[in-house]
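Worksheet: one structure, shown below.
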Amino acid sequence: MQEYKLAASPWVCIEKLEVSWAPASQATEQLWQSSTTFKLYDAADLEKTALVKMVRSGIPIDIRGKIYAKLLRVEKMNDYEKNFEIALKRTYGATIPNSPLPPTFGGRAHQSDLALTRDGNTLADHILCVIANDFPSLEYCPFVAPLTTLVCHFILTRDDALGIIVSVVKQSQTSTPAIFDSSNTIKTPAFKDWKFFPTFRKDVQFMSRGFSNLMHLINPKLHLQISNLQSNLAEPIWSRWLSDFFINVLPQQTIWRILDSFLIEGYKTLFRAGIALLTYKKDAIFKCTASSDLTKIFAETVADSSLYSEQFINSIWAVKFTGSVDIRKNDKVTLHDTISAISISEDLHEHEFRYQRALPKLKNSPAASNYNNDSANQPLESTIVKEEYWIVLWSWIPPIMRVMELECVFSTRMHGFHMTTLFNRTAGRKAMLLVVETAKGGVFGAYLSEAWPEDDSGRGVFYGTGESFLFTLAPFAKMYPWVGRIETENAVAGILEETESLVARRDYVRDQASMFIMTTRNEISIGGGGY
């Protein structure tokens with residue numbers, strides 16, 4: 001099979017890629033490359049600019065990857081977030097696997113259904129592994145895997161591919177759907193709309209219910225017919241459409257146009273496409289008498305050439321969608337069972353329970369009673385580490401330590417800022433978590449596998465083990481493990497052959513990258529040889 005170095009991406013198999021190869025007109029090329037257009041990328045809200053209309057009209061294939069990076073403002077991201085090589089090292093350590101085993105976040109990557117080469121699929125797999133490492137709270141988000149596969153078709157560099165996915169996930173994690181109170185008015189300032197997609201399980205159900213409500217608003221009779229037909233299905237037929245970006249439902253040519261718009265308009269593009277498809281097939285839907293008939297209709301749409309005509313594409317943009325998605329449960333609307341029972345009351349909203357890991361147990365600390373008699377029977381809690389931080393931290397520390405009780409033995413709020421006090425109160429304790437908050441609200445720290453030196457003879461020299469690691473919690477959660485950890489594990493397992501370069505690498509890890517902890521009377525140094 002021919003591998004084609006497409007101008008928009010070096011990881012595409014041309015024989016499997018279905019796009020419009022017609023060259024863009026000179027006027028279109030000039031419009032996209034004009035200084036006026038480039039100024040639009042700096043707008044606070046791209047959805048309120050002329051870029052929306054331009055993107056809907058189609059992005060020329062040879063600049064599609066560049067435009068994606070511009071829309072997501074990848075050039076303004078720091079190297080830590082978008083540098084692919086750095087991301088691989090912090091994710092895997094010193095040895096990068098050739099065939100990574102990526103998470104799917106509950107979704108499907110659809111790599112065999114699209115047009116990536118083997119190298120392209122490997123790139124997508126690595127990006128998913130990086131996302132799992134850099135966003136430990138991202139446990140269920142079926143949109144991420146197919147989006148990553150789609151984006152890799154048109155991106156010129158690995159840094160841009162990673163940067164785009166990181167940007168989408170970050171923006172999605174900072175927004176949640178509008179919540180309505182019992183009087184059907186939005187509670188403010190509670191929650192905002194999703195930008196791109198929901199990032200935890202209950203919100204994925206909310207999204208499906210929001211689509212159902214929009215369908216009912218636009219065509220109540222069609223909505224009722226579909227609801228009756230799919231009552232015995234495991235989930236609404238459109239749930240997978242939305243999370244899969246219509247892969248295997250619509251032709252590739254249409255999916256690329258949907259992807260273009262999605263990267264500027266977010267989930268609303270998916271809603272519009274779903275509504276347009278159901279409306280396009282309404283005559284056939286009304287003739288259905290069973291769910292199998294409904295399923296059969298949309299099993300054939302992927303090969304329907306009329307669904308990548310400009311007429312159908314324009315019908316997507318014609319769907320009216322203003323304001324926030326309505327996720328309310330309306331008793332007058334027939335809903336699928338899976339999206340009917342979920343609650344939208346704020347106290348039950350899953351943003352409070354979005355993690356599925358247990359919290360650490362806090363142990364009563366004599367330190368607290370020494371300073372506050374009223375709190376003698378209460379654990380001294382950290383004022384820095386929030387509940388969600390604990391859950392992330394607890395997923396990083398060695399498994400054997402997760403069953404231990406946690407005791408706060410030093411806090412600047414209670415014990416002051418003197419280094420000697422810190423050393424005295426934590427003497428002889430291992431393992432330890434050292435957490436620091438900056439004046440600007442940043443939170444970082446370290447997991448220390450060994451206790452402080454017992455006397456001055458141990459000060460000024462490095463010690464510790466590869467279990468130690470650094471981390472940040474705010475503004476983002478990242479773990480920085482020892483660079484020699486993966487290499488050591490592979491060597492013990494006999495996976496790596498003894499070569500000259502490997503020996504040199506081990507010498508480096510032993511002599512320069514194995515300096516974990518060092519203390520003096522006035523400072524603490526912690527490292528692991530990574531970035």
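Convention: chains lettered A, B, ... in structure tokens order; per-chain residue numbering from 1; ligands numbered from 1 as shown.
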Report the residues of region 70-189 of chain A whose backbone DSSP state falls under alpha helix (DSSP H), written as number ranges by chain. A: 70-71, 79-82, 84-92, 118-134, 144-151, 158-173
If we count only C-alpha atoms and set the cut-off at 7 Å, which residues sit around Ser261 (chain A), ignoring sequence neighbours fewer than 4 positions away in its own chain? Please answer as an MDAnalysis selection string. chainID A and resid 55:56 257 265 269
Would you list the contacts of Thr37 (chain A) as a ChimeraX atom specification, taking every protein, DNA or RNA residue within 10 Å and counting only C-alpha atoms, but skipping same-chain residues closer than 4 positions in sequence? /A:30-33,41-42,49-51,54
Selected residue, from A:Lys202, A:Lys16, A:Arg158, A:Lys82, that lies nearest to Gln111 (chain A) when counting only C-alpha atoms: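 Result for the nearest residue to Gln111 (chain A): A:Lys16.
Minimum distance to Pro398 (chain A) across A:Gln230, A:Thr383, A:Ser449, A:Gln173 (counting only C-alpha atoms) occurs at A:Ser449.
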Length of the CA of Phe321 (chain A) to CA of Ser239 (chain A) vector [Å]: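 Between CA of Phe321 (chain A) and CA of Ser239 (chain A) the gap works out to 18.5 Å.
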Would you pick out the contacts of Lys281 (chain A) at 9 Å or less, using only C-alpha atoms, so that residues sharing its chain but fewer than 5 positions from it are not included, and give the list as number ranges by chain? A: 276, 286, 297-298
Would you export the selected residues with all heavy atoms as a compact mmCIF listing (two decimals), in the first residue's frame, please?
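Printed below is part_33.txt as written:
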```
# COMPACT_ATOMS: atom_id res chain seq x y z
N ALA A 276 -28.91 17.26 12.04
CA ALA A 276 -29.01 17.28 10.57
C ALA A 276 -29.15 15.87 10.01
O ALA A 276 -29.94 15.64 9.08
CB ALA A 276 -27.78 17.97 9.97
N PHE A 286 -39.57 7.38 10.21
CA PHE A 286 -41.01 7.26 10.48
C PHE A 286 -41.58 5.94 9.96
O PHE A 286 -42.65 5.50 10.39
CB PHE A 286 -41.76 8.44 9.87
CG PHE A 286 -41.70 9.69 10.72
CD1 PHE A 286 -41.17 10.87 10.20
CD2 PHE A 286 -42.17 9.69 12.02
CE1 PHE A 286 -41.11 12.02 10.97
CE2 PHE A 286 -42.12 10.84 12.80
CZ PHE A 286 -41.59 12.00 12.28
N ILE A 297 -30.71 1.64 9.24
CA ILE A 297 -30.66 2.90 8.49
C ILE A 297 -29.29 3.56 8.63
O ILE A 297 -28.66 3.97 7.65
CB ILE A 297 -31.75 3.87 8.98
CG1 ILE A 297 -33.13 3.37 8.55
CG2 ILE A 297 -31.52 5.27 8.42
CD1 ILE A 297 -34.26 4.20 9.12
N PHE A 298 -28.79 3.62 9.87
CA PHE A 298 -27.56 4.35 10.11
C PHE A 298 -26.32 3.48 9.95
O PHE A 298 -25.20 3.98 10.07
CB PHE A 298 -27.63 5.01 11.49
CG PHE A 298 -28.70 6.05 11.56
CD1 PHE A 298 -29.90 5.79 12.23
CD2 PHE A 298 -28.56 7.26 10.91
CE1 PHE A 298 -30.91 6.75 12.27
CE2 PHE A 298 -29.56 8.22 10.95
CZ PHE A 298 -30.74 7.95 11.63
```
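Counting only C-alpha atoms and comparing A:Val461, A:Val385, A:Val169, A:Ala439, the residue that lies closest to Lys195 (chain A) is A:Val169.
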Using only C-alpha atoms, find the one residue out of A:Lys478, A:Arg402, A:Thr412, A:Thr465 that sits nearest to Val130 (chain A).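 Selected residue with least distance to Val130 (chain A): A:Lys478.
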Residues within 9 Å of Arg108 (chain A), please, as a count of residues only. Count only C-alpha atoms; anything in the same chain fewer than 5 positions from it doesn't count. 7
At a cut-off of 8 Å, using only C-alpha atoms, what residues contact Cys129 (chain A)? Leave out same-chain residues fewer than 3 positions from it and give the result as a PyMOL selection string. chain A and resi 91+100-103+125-126+132-133
I want to know what sits within 10 Å of Glu47 (chain A), based on only C-alpha atoms, with residues of the same chain fewer than 5 positions away left out; could you give that as a ChimeraX atom specification? /A:52-53,264-266
